$ cat data-v1.txt   # compact mmCIF, C-alpha atoms
# COMPACT_ATOMS: atom_id res chain seq x y z
CA MET A 1 54.46 31.62 -17.08
CA SER A 2 52.50 32.78 -20.07
CA SER A 3 50.34 35.88 -20.21
CA TRP A 4 46.96 35.94 -18.45
CA SER A 5 45.16 36.58 -21.72
CA ASP A 6 46.89 33.83 -23.69
CA PRO A 7 44.12 31.63 -25.21
CA ALA A 8 46.56 28.74 -25.70
CA ARG A 9 46.45 27.76 -22.03
CA ARG A 10 45.61 24.11 -21.70
CA PHE A 11 45.12 23.25 -18.05
CA GLU A 12 43.21 26.21 -16.79
CA PRO A 13 40.36 26.07 -14.26
CA ALA A 14 36.89 26.83 -15.53
CA GLU A 15 36.69 29.83 -13.22
CA ASP A 16 39.72 31.41 -14.91
CA VAL A 17 38.26 30.85 -18.35
CA GLN A 18 34.99 32.41 -17.26
CA LEU A 19 36.68 35.41 -15.70
CA ARG A 20 38.83 35.94 -18.79
CA ALA A 21 35.70 35.87 -20.97
CA GLU A 22 34.02 38.40 -18.65
CA LEU A 23 37.09 40.64 -18.87
CA ARG A 24 37.07 40.52 -22.66
CA ASP A 25 33.39 41.44 -22.69
CA LEU A 26 33.93 44.30 -20.22
CA LEU A 27 36.80 45.69 -22.23
CA GLY A 28 34.78 45.35 -25.43
CA LEU A 29 37.38 43.14 -27.02
CA GLY A 30 35.21 40.02 -27.35
CA ALA A 31 36.69 37.66 -29.93
CA GLN A 32 39.25 40.26 -31.12
CA LEU A 33 41.64 39.30 -28.32
CA GLU A 34 41.86 35.72 -29.57
CA THR A 35 42.37 36.78 -33.20
CA GLN A 36 44.95 39.52 -32.39
CA PRO A 37 47.61 38.11 -30.05
CA SER A 38 49.85 41.17 -30.51
CA MET A 39 47.29 43.34 -28.68
CA ALA A 40 47.34 40.96 -25.71
CA ALA A 41 51.10 41.31 -25.40
CA GLU A 42 50.87 45.13 -25.28
CA ALA A 43 48.79 45.41 -22.10
CA SER A 44 48.63 48.71 -20.30
CA PRO A 45 49.24 49.04 -16.52
CA GLU A 46 45.48 49.40 -15.91
CA LEU A 47 44.80 46.17 -17.78
CA THR A 48 47.58 44.42 -15.90
CA ALA A 49 46.13 45.56 -12.54
CA LEU A 50 42.67 44.49 -13.67
CA ALA A 51 44.06 41.12 -14.76
CA GLU A 52 45.72 40.64 -11.37
CA ASP A 53 42.45 41.47 -9.62
CA LEU A 54 40.66 38.97 -11.80
CA ARG A 55 43.31 36.31 -11.13
CA ARG A 56 42.98 36.85 -7.37
CA GLU A 57 39.19 36.65 -7.65
CA ALA A 58 39.50 33.39 -9.58
CA GLN A 59 41.81 31.94 -6.94
CA ARG A 60 39.43 33.06 -4.17
CA ARG A 61 36.50 31.46 -5.96
CA SER A 62 38.34 28.21 -6.52
CA ARG A 63 39.36 28.05 -2.83
CA THR A 64 35.92 28.93 -1.51
CA GLN A 65 34.01 26.80 -3.96
CA ARG A 66 31.75 24.48 -2.03
CA LYS A 67 32.22 20.92 -2.96
CA ARG A 68 29.20 18.84 -2.16
CA PRO A 69 29.97 15.78 -0.15
CA THR A 70 29.26 12.54 -1.93
CA TRP A 71 27.36 11.05 1.00
CA GLY A 72 24.91 13.97 1.00
CA LEU A 73 24.21 13.46 -2.67
CA LEU A 74 23.72 9.74 -2.12
CA ALA A 75 21.43 10.40 0.83
CA ALA A 76 19.33 12.78 -1.26
CA ALA A 77 19.07 10.17 -4.02
CA ALA A 78 18.21 7.40 -1.56
CA LEU A 79 15.51 9.37 0.25
CA PRO A 80 12.68 8.66 -2.25
CA ILE A 81 13.67 4.99 -2.35
CA LEU A 82 13.60 4.78 1.44
CA ALA A 83 10.22 6.53 1.53
CA ALA A 84 8.83 4.04 -1.00
CA LEU A 85 10.22 1.10 0.95
CA GLY A 86 8.74 2.49 4.16
CA GLY A 87 5.35 2.86 2.53
CA LEU A 88 5.49 -0.65 1.11
CA SER A 89 6.51 -2.15 4.44
CA GLY A 90 3.66 -0.34 6.20
CA TRP A 91 1.20 -1.62 3.61
CA GLY A 92 2.65 -5.13 3.93
CA LEU A 93 2.27 -5.09 7.71
CA GLN A 94 -1.32 -3.92 7.38
CA GLN A 95 -2.06 -6.75 4.94
CA LYS A 96 -0.39 -9.25 7.29
CA HIS A 97 -2.55 -8.09 10.21
CA ARG A 98 -5.66 -8.41 8.04
CA ALA A 99 -4.66 -11.91 6.94
CA ASP A 100 -3.97 -12.96 10.54
CA ALA A 101 -7.34 -11.60 11.69
CA LEU A 102 -9.09 -13.40 8.83
CA ALA A 103 -7.27 -16.65 9.69
CA LEU A 104 -8.36 -16.36 13.34
CA GLN A 105 -11.93 -15.65 12.28
CA THR A 106 -11.92 -18.64 9.91
CA GLN A 107 -10.49 -20.88 12.63
CA ALA A 108 -13.20 -19.76 15.07
CA GLN A 109 -15.91 -20.42 12.48
CA GLU A 110 -14.48 -23.88 11.79
CA GLN A 111 -14.53 -24.65 15.53
CA GLN A 112 -18.16 -23.51 15.75
CA LEU A 113 -19.09 -25.64 12.76
CA THR A 114 -17.31 -28.65 14.25
CA GLN A 115 -19.11 -28.13 17.54
CA LEU A 116 -22.48 -27.77 15.79
CA ALA A 117 -21.80 -30.89 13.72
CA SER A 118 -20.96 -32.94 16.82
CA THR A 119 -24.06 -31.62 18.61
CA HIS A 120 -26.22 -32.49 15.62
CA ALA A 121 -24.67 -35.95 15.40
CA THR A 122 -25.44 -36.65 19.07
CA GLU A 123 -29.03 -35.41 18.62
CA VAL A 124 -29.49 -37.62 15.57
CA ALA A 125 -28.07 -40.59 17.49
CA ARG A 126 -30.47 -39.93 20.40
CA GLU A 127 -33.45 -39.68 18.04
CA ARG A 128 -32.41 -42.91 16.33
CA GLN A 129 -32.12 -44.64 19.70
CA ALA A 130 -35.53 -43.29 20.74
CA LYS A 131 -37.09 -44.54 17.49
CA GLU A 132 -35.48 -47.93 17.91
CA ALA A 133 -36.78 -48.09 21.50
CA VAL A 134 -40.31 -47.23 20.33
CA VAL A 135 -40.13 -49.84 17.56
CA GLN A 136 -38.93 -52.46 20.06
CA GLN A 137 -41.75 -51.58 22.45
CA LEU A 138 -44.30 -51.84 19.66
CA GLN A 139 -42.89 -55.19 18.59
CA LEU A 140 -43.04 -56.46 22.16
CA ALA A 141 -46.59 -55.15 22.58
CA SER A 142 -47.72 -56.77 19.33
CA GLN A 143 -46.29 -60.12 20.41
CA ARG A 144 -48.31 -60.21 23.68
CA PRO A 145 -51.29 -62.51 23.58
CA GLY A 146 -54.70 -61.02 24.02
CA ARG A 147 -54.04 -57.66 22.53
CA ARG A 148 -54.56 -56.86 18.97
CA PHE A 149 -52.95 -53.87 17.30
CA GLU A 150 -53.64 -52.55 13.91
CA GLN A 151 -50.86 -52.69 11.39
CA ASN A 152 -50.86 -48.96 10.92
CA LEU A 153 -51.21 -46.93 14.02
CA VAL A 154 -53.37 -43.94 13.25
CA ILE A 155 -54.63 -41.46 15.76
CA PRO A 156 -58.11 -40.25 14.73
CA VAL A 157 -58.44 -36.48 14.64
CA GLU A 158 -61.73 -34.69 14.31
CA LYS A 159 -61.66 -32.01 11.70
CA PRO A 160 -63.22 -28.71 12.75
CA VAL A 161 -66.41 -27.75 11.01
CA LYS A 162 -65.86 -24.98 8.56
CA GLY A 163 -68.36 -22.22 8.85
CA GLY A 164 -68.69 -18.49 8.82
CA SER A 165 -66.83 -16.66 11.44
CA GLU A 166 -68.59 -13.93 13.35
CA ASP A 167 -65.40 -12.14 14.33
CA PHE A 168 -65.11 -9.89 11.31
CA GLN A 169 -66.62 -6.60 10.33
CA ARG A 170 -67.54 -5.60 6.82
CA VAL A 171 -65.83 -2.53 5.55
CA LYS A 172 -67.64 -2.14 2.30
CA GLN A 173 -71.23 -3.00 1.38
CA LYS A 174 -71.81 -5.30 -1.56
CA PRO A 175 -73.58 -3.41 -4.39
$ encode --input "data-v1.txt" --output "structure tokens"
Amino acid sequence: MSSWSDPARRFEPAEDVQLRAELRDLLGLGAQLETQPSMAAEASPELTALAEDLRREAQRRSRTQRKRPTWGLLAAAALPILAALGGLSGWGLQQKHRADALALQTQAQEQQLTQLASTHATEVARERQAKEAVVQQLQLASQRPGRRFEQNLVIPVEKPVKGGSEDFQRVKQKP
């Protein structure tokens, strides 16, 4: 196994890379460690102990890292879509109820109009029959001998005489 500070490591977890960068910053080495590989090979016992602590911490972090379940992420993404669908379905049901109520109201109005039309038709038929009966009676009466009817039947009405009415009271005097 190569040294813990070897920058040539290829398949290293991101936690290890981060911890190694933190260690370089704490030690004040920064980018010097990458440019001077001989210094990395000459590690003191304190640095080796610190490196082991950092390696253990990296392993602990990688084991305890919480991996989010895929279904939870999908559920969180689907929640706004489900809320929108729920809102649209509620609105659609409301519109359906309104349309049904309007259809029932229109049907009731059509039934009333049909009933009124049939009532009017029967009244018109009765009036027509009554007029025909009157015309027949007048024709029969005019055909009887001894009675003479005028061609135009007119009932004389006396027109009321127009005059001043005494039921009013003057409010203002004429000047």
$ residues_near_point --input "data-v1.txt" --point "(35.3, 34.7, -16.3)" --cutoff "12 Å" --atoms "only C-alpha atoms" --output "number ranges by chain"
A: 4-5, 12-26, 51, 53-59, 61
$ atom_distance --input "data-v1.txt" --atom1 "atom CA of Ala121 of chain A" --atom2 "atom CA of Ala108 of chain A"
19.8 Å
$ atom_distance --input "data-v1.txt" --atom1 "atom CA of Leu27 of chain A" --atom2 "atom CA of Glu46 of chain A"
11.4 Å
$ decode --input "data-v1.txt" --residues "segment 102-143 of chain A" --atoms "N, CA and C atoms" --output "compact mmCIF listing (two decimals), in the first residue's frame"
# COMPACT_ATOMS: atom_id res chain seq x y z
N LEU A 102 -76.68 22.78 -13.90
CA LEU A 102 -77.16 23.61 -15.00
C LEU A 102 -77.99 22.78 -15.97
N ALA A 103 -77.57 21.54 -16.23
CA ALA A 103 -78.34 20.65 -17.13
C ALA A 103 -79.71 20.35 -16.54
N LEU A 104 -79.76 20.08 -15.23
CA LEU A 104 -81.05 19.82 -14.57
C LEU A 104 -81.95 21.04 -14.62
N GLN A 105 -81.35 22.20 -14.40
CA GLN A 105 -82.13 23.45 -14.43
C GLN A 105 -82.67 23.69 -15.85
N THR A 106 -81.84 23.46 -16.84
CA THR A 106 -82.27 23.64 -18.24
C THR A 106 -83.37 22.66 -18.59
N GLN A 107 -83.24 21.43 -18.14
CA GLN A 107 -84.27 20.42 -18.41
C GLN A 107 -85.59 20.82 -17.75
N ALA A 108 -85.54 21.32 -16.52
CA ALA A 108 -86.76 21.74 -15.84
C ALA A 108 -87.40 22.92 -16.57
N GLN A 109 -86.59 23.86 -17.03
CA GLN A 109 -87.13 25.00 -17.78
C GLN A 109 -87.76 24.54 -19.09
N GLU A 110 -87.14 23.59 -19.76
CA GLU A 110 -87.71 23.07 -21.01
C GLU A 110 -89.04 22.38 -20.75
N GLN A 111 -89.15 21.64 -19.64
CA GLN A 111 -90.41 21.00 -19.30
C GLN A 111 -91.49 22.03 -19.01
N GLN A 112 -91.12 23.11 -18.30
CA GLN A 112 -92.09 24.17 -18.03
C GLN A 112 -92.54 24.84 -19.31
N LEU A 113 -91.59 25.10 -20.21
CA LEU A 113 -91.95 25.72 -21.48
C LEU A 113 -92.85 24.80 -22.31
N THR A 114 -92.57 23.53 -22.31
CA THR A 114 -93.40 22.57 -23.03
C THR A 114 -94.81 22.55 -22.45
N GLN A 115 -94.89 22.56 -21.13
CA GLN A 115 -96.19 22.55 -20.47
C GLN A 115 -96.95 23.84 -20.78
N LEU A 116 -96.27 24.98 -20.72
CA LEU A 116 -96.92 26.25 -21.05
C LEU A 116 -97.37 26.28 -22.51
N ALA A 117 -96.56 25.75 -23.40
CA ALA A 117 -96.92 25.72 -24.82
C ALA A 117 -98.16 24.86 -25.05
N SER A 118 -98.22 23.70 -24.39
CA SER A 118 -99.39 22.84 -24.56
C SER A 118 -100.63 23.49 -23.96
N THR A 119 -100.48 24.16 -22.82
CA THR A 119 -101.61 24.87 -22.21
C THR A 119 -102.09 25.98 -23.13
N HIS A 120 -101.18 26.72 -23.70
CA HIS A 120 -101.53 27.81 -24.60
C HIS A 120 -102.22 27.26 -25.85
N ALA A 121 -101.72 26.15 -26.36
CA ALA A 121 -102.31 25.55 -27.55
C ALA A 121 -103.75 25.11 -27.28
N THR A 122 -104.00 24.53 -26.10
CA THR A 122 -105.37 24.11 -25.78
C THR A 122 -106.28 25.33 -25.60
N GLU A 123 -105.76 26.41 -25.00
CA GLU A 123 -106.57 27.63 -24.84
C GLU A 123 -106.90 28.24 -26.20
N VAL A 124 -105.92 28.27 -27.09
CA VAL A 124 -106.15 28.80 -28.43
C VAL A 124 -107.18 27.94 -29.17
N ALA A 125 -107.09 26.64 -29.01
CA ALA A 125 -108.06 25.74 -29.66
C ALA A 125 -109.46 25.97 -29.11
N ARG A 126 -109.58 26.16 -27.80
CA ARG A 126 -110.90 26.44 -27.19
C ARG A 126 -111.46 27.76 -27.69
N GLU A 127 -110.61 28.79 -27.76
CA GLU A 127 -111.09 30.09 -28.25
C GLU A 127 -111.54 29.99 -29.70
N ARG A 128 -110.79 29.23 -30.51
CA ARG A 128 -111.15 29.05 -31.91
C ARG A 128 -112.50 28.33 -32.03
N GLN A 129 -112.67 27.30 -31.18
CA GLN A 129 -113.95 26.58 -31.20
C GLN A 129 -115.08 27.49 -30.76
N ALA A 130 -114.82 28.33 -29.74
CA ALA A 130 -115.87 29.24 -29.27
C ALA A 130 -116.22 30.25 -30.36
N LYS A 131 -115.22 30.76 -31.07
CA LYS A 131 -115.49 31.71 -32.16
C LYS A 131 -116.26 31.04 -33.28
N GLU A 132 -115.87 29.82 -33.61
CA GLU A 132 -116.58 29.10 -34.66
C GLU A 132 -118.03 28.85 -34.25
N ALA A 133 -118.25 28.54 -32.97
CA ALA A 133 -119.62 28.32 -32.48
C ALA A 133 -120.43 29.60 -32.57
N VAL A 134 -119.84 30.73 -32.22
CA VAL A 134 -120.54 32.01 -32.29
C VAL A 134 -120.87 32.35 -33.75
N VAL A 135 -119.91 32.13 -34.64
CA VAL A 135 -120.13 32.40 -36.06
C VAL A 135 -121.24 31.51 -36.59
N GLN A 136 -121.27 30.25 -36.20
CA GLN A 136 -122.33 29.34 -36.65
C GLN A 136 -123.69 29.80 -36.13
N GLN A 137 -123.72 30.22 -34.85
CA GLN A 137 -124.98 30.70 -34.29
C GLN A 137 -125.47 31.95 -35.02
N LEU A 138 -124.54 32.85 -35.33
CA LEU A 138 -124.93 34.06 -36.05
C LEU A 138 -125.42 33.72 -37.46
N GLN A 139 -124.78 32.77 -38.09
CA GLN A 139 -125.23 32.37 -39.43
C GLN A 139 -126.61 31.74 -39.36
N LEU A 140 -126.83 30.91 -38.36
CA LEU A 140 -128.16 30.30 -38.20
C LEU A 140 -129.21 31.37 -37.88
N ALA A 141 -128.86 32.33 -37.05
CA ALA A 141 -129.82 33.38 -36.68
C ALA A 141 -130.12 34.27 -37.88
N SER A 142 -129.13 34.51 -38.73
CA SER A 142 -129.37 35.37 -39.88
C SER A 142 -130.19 34.66 -40.94
N GLN A 143 -130.21 33.35 -40.95
CA GLN A 143 -130.96 32.60 -41.94
C GLN A 143 -132.41 32.40 -41.53
